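To keep things clear, I will list the structure first and then write my remarks on it.
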Amino acid sequence: MQAIAEALVAQGVAPGDLHYVGSRRGQERTLLRGDVALTLLPGRGLRRSLRPSDLLANAGACLGLAAALVSAQFLIGRWRPSAVVSVGGYASFAVALAAACWRVPLVLVDFDAVPGAAHRLLAHWATKRCTAFGPASDKVVVTGAPLRESIESLDRSPGARRVAKLSAEPPIDADRTVVLVVTGSLGSHRVNVAVRDLAQLWSSRRDRALVHVTGRRDYAEISATRPDLNGLDYRVIEFGDMGSLWSLCDVAVCRAGAITVAELETLSVPAVLVPLPGAPHDHQTMNARALAEVGGAIIVRDDRCSAQTLGDALDVIAEDAVRDEMARAVHSLAHPRAAVAIAQVVLGVQA
């Protein structure tokens, strides 16, 4: 959302003419920065369960959604915007539906291979849809998923990666193959345990470095149970700056969320992907398949993720020539300057 706003500002839209709308239960309050106003609506997602506690929570969620729908109708009627851009989610559903009712041009932005439920319901009323995956049509523009300029501009040439490794704290031997593991702010327990066990299997390897970003949930456990090593450079961190981490890695192990996939494509990073199980409409598996089908990634199912399966997949990518070929393949799906492309679509539909 912020990347699109920044692209609109770069193309001449005043920050005061933009307005973010998000969810009170979401991360918008902390993630969205800058001079753009932010309004938060009530509501949250439904739980896919028939347990009494979840049914009660879903009743509250429905009431919250109803309140958001009423608020959104009022806000759109008062603001009369030139266009509404929806990136998915419950708050955006309320605002996008209000845009349709007020006949305001509506642009839906789909980052995943499978659109979310809200956007599938709203597709009929959309003026344009911006997608990260094809095919294109009169109504659909394949723009890719927007990334921060600081990520898009990273230099990941072999020479730059050597410099980044040597600049790490402490430095990483530039001749080591660096495997970066990152599975989100919370982290995946299954992947984290598998990677810790992989460090044990690789304990004597002096040709590899394993940079393991656990997320906050498992950091204490993984740190306390890390194996004794005799050669492997194994680093366990809770969080890290993704720009710095992408700049030094040779291969990644990660989930297959839309933004992660877009970063892999743009930065030409070969990867082992472990799609999140239970994601709505299994969209992470569909995202991962798009990369695997062109030869840019290897998929390991979450329920089969172990030290052995990760190690086997990473051994396939061990040779420089294989990684180079995978890097070219994954980059073939990249859409540079996606935020600019989306901003141009938005400007083109304004009322």
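Here's how to read the names in the structure tokens: chain A, B, ... by the order shown, residue numbers from 1 in each chain, ligand numbers from 1 in the order shown.
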What parts of range 102-244 of chain A does DSSP call alpha helix (DSSP H)? I'd like the answer as a compact mmCIF listing (two decimals) with C-alpha atoms, in the first residue's frame.
# COMPACT_ATOMS: atom_id res chain seq x y z
CA ALA A 117 -12.24 -13.85 -1.21
CA ALA A 118 -12.92 -10.12 -0.99
CA HIS A 119 -11.49 -9.43 -4.42
CA ARG A 120 -13.29 -12.35 -6.02
CA LEU A 121 -16.55 -10.86 -4.78
CA LEU A 122 -15.62 -7.37 -5.96
CA GLU A 149 12.75 1.14 -3.68
CA SER A 150 15.47 0.12 -1.22
CA ILE A 151 14.85 -3.54 -2.17
CA GLU A 152 14.47 -3.03 -5.91
CA PRO A 158 28.71 -11.63 -7.54
CA GLY A 159 31.14 -8.89 -6.60
CA ALA A 160 28.55 -7.06 -4.51
CA ARG A 161 27.62 -10.27 -2.70
CA ARG A 162 31.28 -10.89 -1.82
CA VAL A 163 31.53 -7.38 -0.39
CA ALA A 164 28.28 -7.87 1.57
CA LYS A 165 29.53 -11.14 3.07
CA LEU A 166 32.79 -9.57 4.16
CA SER A 167 30.90 -6.59 5.57
CA HIS A 189 8.21 -23.66 13.94
CA ARG A 190 8.45 -26.63 11.58
CA VAL A 191 10.93 -24.88 9.29
CA ASN A 192 12.92 -23.49 12.23
CA VAL A 193 13.34 -26.93 13.79
CA ALA A 194 14.27 -28.45 10.42
CA VAL A 195 16.92 -25.78 9.83
CA ARG A 196 18.39 -26.20 13.31
CA ASP A 197 18.65 -29.94 12.63
CA LEU A 198 20.14 -29.20 9.21
CA ALA A 199 22.86 -27.22 10.96
CA GLN A 200 23.69 -30.40 12.86
CA LEU A 201 23.89 -32.39 9.60
CA TYR A 219 14.17 -17.47 18.72
CA ALA A 220 14.75 -18.44 22.36
CA GLU A 221 14.20 -22.16 21.71
CA ILE A 222 16.39 -22.36 18.61
CA SER A 223 19.16 -20.30 20.21
CA ALA A 224 19.16 -22.51 23.29
CA MET A 242 15.97 -7.67 4.64
CA GLY A 243 18.00 -5.39 2.41
CA SER A 244 21.20 -6.48 4.13
For Met1 in chain A, please output as number ranges by chain all residues within 7 Å (counting only C-alpha atoms; exclusion window: fewer than 3 positions along the same chain).
-> A: 4-5, 87
Atoms to include: N, CA and C atoms. Write the selected residues as a CSV table (one decimal), in the first residue's frame.
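The file below, part13.csv, is the result:
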chain,number,residue,atom,x,y,z
A,4,ILE,N,2.7,1.9,-3.3
A,4,ILE,CA,1.8,2.5,-4.3
A,4,ILE,C,1.6,4.0,-4.0
A,5,ALA,N,1.4,4.3,-2.8
A,5,ALA,CA,1.2,5.8,-2.4
A,5,ALA,C,2.5,6.6,-2.8
A,87,VAL,N,-6.1,-3.4,-1.8
A,87,VAL,CA,-5.0,-4.4,-1.9
A,87,VAL,C,-5.5,-5.7,-1.1
Please report, as an MDAnalysis selection string, each residue of range 166-306 of chain A to which DSSP assigns strand (DSSP E) when run on this structure's backbone.
-> chainID A and resid 177:182 208:213 233:237 251:254 271:273 297:299
Nearest to Leu210 in chain A among A:Leu180, A:Ala132, A:Val104, A:Ile237, with distances taken over only C-alpha atoms: which residue is it?
->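 Closest to Leu210 in chain A, using only C-alpha atoms: A:Leu180.
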Would you please work out which residue, of A:Arg337, A:Arg176, A:Arg129, A:Arg328, is nearest to Leu264 in chain A when using only C-alpha atoms?
->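 Counting only C-alpha atoms, the residue closest to Leu264 in chain A is A:Arg328.
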Counting only C-alpha atoms, what is within 12 Å of Arg235 in chain A, bar same-chain residues fewer than 2 positions away, as a VMD selection string?
-> chain A and resid 168 to 172 178 to 181 195 to 196 199 208 to 214 219 222 to 223 226 to 227 229 232 to 233 237 to 240 245
Would you export the selected residues with N, CA and C atoms as a compact mmCIF listing (two decimals), in the first residue's frame, please?
# COMPACT_ATOMS: atom_id res chain seq x y z
N ALA A 168 29.54 -8.27 6.70
CA ALA A 168 28.66 -8.75 7.76
C ALA A 168 29.39 -8.69 9.09
N GLU A 169 28.62 -8.75 10.18
CA GLU A 169 29.21 -8.69 11.52
C GLU A 169 28.84 -9.94 12.31
N PRO A 170 29.82 -10.85 12.56
CA PRO A 170 31.18 -10.84 12.04
C PRO A 170 31.22 -11.21 10.56
N PRO A 171 32.32 -10.96 9.87
CA PRO A 171 32.39 -11.23 8.43
C PRO A 171 32.13 -12.70 8.11
N ILE A 172 31.55 -12.94 6.93
CA ILE A 172 31.36 -14.29 6.41
C ILE A 172 32.41 -14.53 5.34
N VAL A 178 26.04 -18.85 0.96
CA VAL A 178 25.21 -18.39 2.06
C VAL A 178 23.76 -18.76 1.80
N VAL A 179 23.20 -19.53 2.73
CA VAL A 179 21.79 -19.92 2.69
C VAL A 179 21.05 -19.06 3.71
N LEU A 180 20.10 -18.28 3.22
CA LEU A 180 19.28 -17.44 4.09
C LEU A 180 17.94 -18.13 4.34
N VAL A 181 17.56 -18.24 5.60
CA VAL A 181 16.27 -18.82 5.98
C VAL A 181 15.43 -17.74 6.64
N VAL A 195 15.66 -26.48 10.13
CA VAL A 195 16.92 -25.78 9.83
C VAL A 195 17.93 -25.96 10.95
N ARG A 196 17.46 -25.92 12.19
CA ARG A 196 18.39 -26.20 13.31
C ARG A 196 18.99 -27.60 13.17
N ALA A 199 21.56 -27.72 10.49
CA ALA A 199 22.86 -27.22 10.96
C ALA A 199 23.68 -28.35 11.59
N ARG A 208 29.80 -23.62 3.51
CA ARG A 208 28.48 -23.01 3.58
C ARG A 208 28.32 -22.18 4.85
N ALA A 209 27.44 -21.19 4.74
CA ALA A 209 27.01 -20.40 5.89
C ALA A 209 25.49 -20.45 5.92
N LEU A 210 24.94 -20.58 7.11
CA LEU A 210 23.50 -20.70 7.29
C LEU A 210 23.04 -19.52 8.15
N VAL A 211 22.34 -18.56 7.53
CA VAL A 211 21.83 -17.39 8.25
C VAL A 211 20.36 -17.65 8.52
N HIS A 212 20.03 -17.91 9.78
CA HIS A 212 18.72 -18.41 10.17
C HIS A 212 17.95 -17.33 10.93
N VAL A 213 16.98 -16.72 10.23
CA VAL A 213 16.11 -15.71 10.85
C VAL A 213 14.89 -16.46 11.38
N THR A 214 14.80 -16.62 12.69
CA THR A 214 13.77 -17.47 13.28
C THR A 214 12.42 -16.79 13.41
N TYR A 219 12.78 -17.88 18.59
CA TYR A 219 14.17 -17.47 18.72
C TYR A 219 14.83 -18.04 19.97
N ILE A 222 15.36 -21.97 19.57
CA ILE A 222 16.39 -22.36 18.61
C ILE A 222 17.77 -21.93 19.09
N SER A 223 17.86 -20.76 19.70
CA SER A 223 19.16 -20.30 20.21
C SER A 223 19.67 -21.22 21.30
N ARG A 226 20.83 -24.78 19.70
CA ARG A 226 21.68 -24.83 18.51
C ARG A 226 22.78 -25.86 18.73
N PRO A 227 23.15 -26.59 17.70
CA PRO A 227 24.13 -27.68 17.87
C PRO A 227 25.56 -27.17 17.98
N LEU A 229 29.22 -27.03 16.58
CA LEU A 229 29.64 -27.03 15.18
C LEU A 229 31.15 -27.11 15.08
N LEU A 232 30.80 -25.31 10.14
CA LEU A 232 29.69 -24.56 9.59
C LEU A 232 29.58 -23.18 10.25
N ASP A 233 29.36 -22.16 9.45
CA ASP A 233 29.06 -20.82 9.95
C ASP A 233 27.54 -20.73 10.08
N ILE A 237 19.39 -15.48 14.25
CA ILE A 237 18.96 -14.14 14.61
C ILE A 237 17.43 -14.09 14.65
N GLU A 238 16.91 -13.20 15.46
CA GLU A 238 15.46 -13.09 15.59
C GLU A 238 14.86 -12.34 14.41
N PHE A 239 15.42 -11.20 14.11
CA PHE A 239 15.00 -10.37 12.98
C PHE A 239 16.25 -9.85 12.29
N GLY A 240 16.06 -9.29 11.12
CA GLY A 240 17.18 -8.67 10.42
C GLY A 240 16.67 -7.74 9.34
N LEU A 245 20.17 -8.68 4.32
CA LEU A 245 20.16 -10.13 4.20
C LEU A 245 20.09 -10.58 2.75
Between CA of Trp79 in chain A and CA of Gln350 in chain A, distance in Å (one decimal) |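 It comes out at 14.0 Å.
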Compare A:Ala66, A:Ala7, A:Ala113, A:Val85 by their minimum atom-to-atom distance to Asp282 in chain A, counting only C-alpha atoms, and give me the closest one.
-> A:Ala113
Hey, what's within 9 Å of range 313-320 of chain A if we count only C-alpha atoms and toss same-chain stuff fewer than 4 positions away? As a list in words, please?
->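 Returned residues: Thr177, Val179, Val251, Val253, Pro270, Ala271, Val272, Ile298, Ile299, Val300, Gln308, Thr309, Asp324, Glu325 and Met326 of chain A.
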Store the residues of this selection in a file with C-alpha atoms, as a compact mmCIF listing (two decimals), in the first residue's frame.
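So again_36.txt came out as:
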# COMPACT_ATOMS: atom_id res chain seq x y z
CA THR A 177 27.61 -20.35 -0.13
CA VAL A 179 21.79 -19.92 2.69
CA VAL A 251 20.04 -19.08 -2.01
CA VAL A 253 14.64 -20.97 2.18
CA PRO A 270 17.05 -19.12 -6.29
CA ALA A 271 15.01 -20.62 -3.48
CA VAL A 272 13.62 -23.60 -1.67
CA ILE A 298 12.24 -26.08 -5.53
CA ILE A 299 9.11 -26.75 -3.47
CA VAL A 300 9.20 -28.69 -0.19
CA GLN A 308 16.91 -34.21 5.24
CA THR A 309 14.42 -32.81 2.71
CA ASP A 324 22.98 -19.10 -11.94
CA GLU A 325 20.48 -20.86 -14.17
CA MET A 326 17.81 -20.78 -11.44
Got a sec: who's within 9 Å of His331 in chain A, counting only C-alpha atoms, leaving out chain neighbours fewer than 6 positions off, as JSON, numbers by chain?
-> {"A": [264, 265, 266, 267, 268, 269, 296]}
Write out the residues from the selection above, keeping N, CA and C atoms, as an mmCIF file, in the first residue's frame.
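Output contents, as saved in result00.cif:
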data_model
loop_
_atom_site.group_PDB
_atom_site.id
_atom_site.type_symbol
_atom_site.label_atom_id
_atom_site.label_comp_id
_atom_site.auth_asym_id
_atom_site.auth_seq_id
_atom_site.Cartn_x
_atom_site.Cartn_y
_atom_site.Cartn_z
ATOM 1 N N LEU A 264 12.130 -12.377 -4.504
ATOM 2 C CA LEU A 264 12.964 -13.407 -5.117
ATOM 3 C C LEU A 264 13.093 -13.174 -6.621
ATOM 4 N N GLU A 265 11.978 -12.840 -7.270
ATOM 5 C CA GLU A 265 11.990 -12.609 -8.717
ATOM 6 C C GLU A 265 12.843 -11.402 -9.087
ATOM 7 N N THR A 266 12.603 -10.294 -8.392
ATOM 8 C CA THR A 266 13.302 -9.050 -8.721
ATOM 9 C C THR A 266 14.793 -9.160 -8.455
ATOM 10 N N LEU A 267 15.152 -9.838 -7.363
ATOM 11 C CA LEU A 267 16.555 -9.918 -6.959
ATOM 12 C C LEU A 267 17.270 -11.155 -7.494
ATOM 13 N N SER A 268 16.560 -11.986 -8.265
ATOM 14 C CA SER A 268 17.163 -13.178 -8.888
ATOM 15 C C SER A 268 17.739 -14.129 -7.841
ATOM 16 N N VAL A 269 16.939 -14.458 -6.828
ATOM 17 C CA VAL A 269 17.392 -15.341 -5.757
ATOM 18 C C VAL A 269 16.786 -16.732 -5.953
ATOM 19 N N GLY A 296 12.910 -21.784 -11.281
ATOM 20 C CA GLY A 296 13.539 -20.843 -10.379
ATOM 21 C C GLY A 296 13.483 -21.220 -8.913
#
Kindly give the distance, in Å, that separates CA of His19 in chain A and CA of Leu69 in chain A, rounded to a single decimal.
->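 Separating CA of His19 in chain A from CA of Leu69 in chain A is a distance of 17.1 Å.
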Best match for closeness to Gly257 in chain A among A:Val346, A:Ala98, A:Leu273, A:Leu38, counting only C-alpha atoms |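 Between A:Val346, A:Ala98, A:Leu273, A:Leu38, the residue approaching Gly257 in chain A most closely is A:Leu273.
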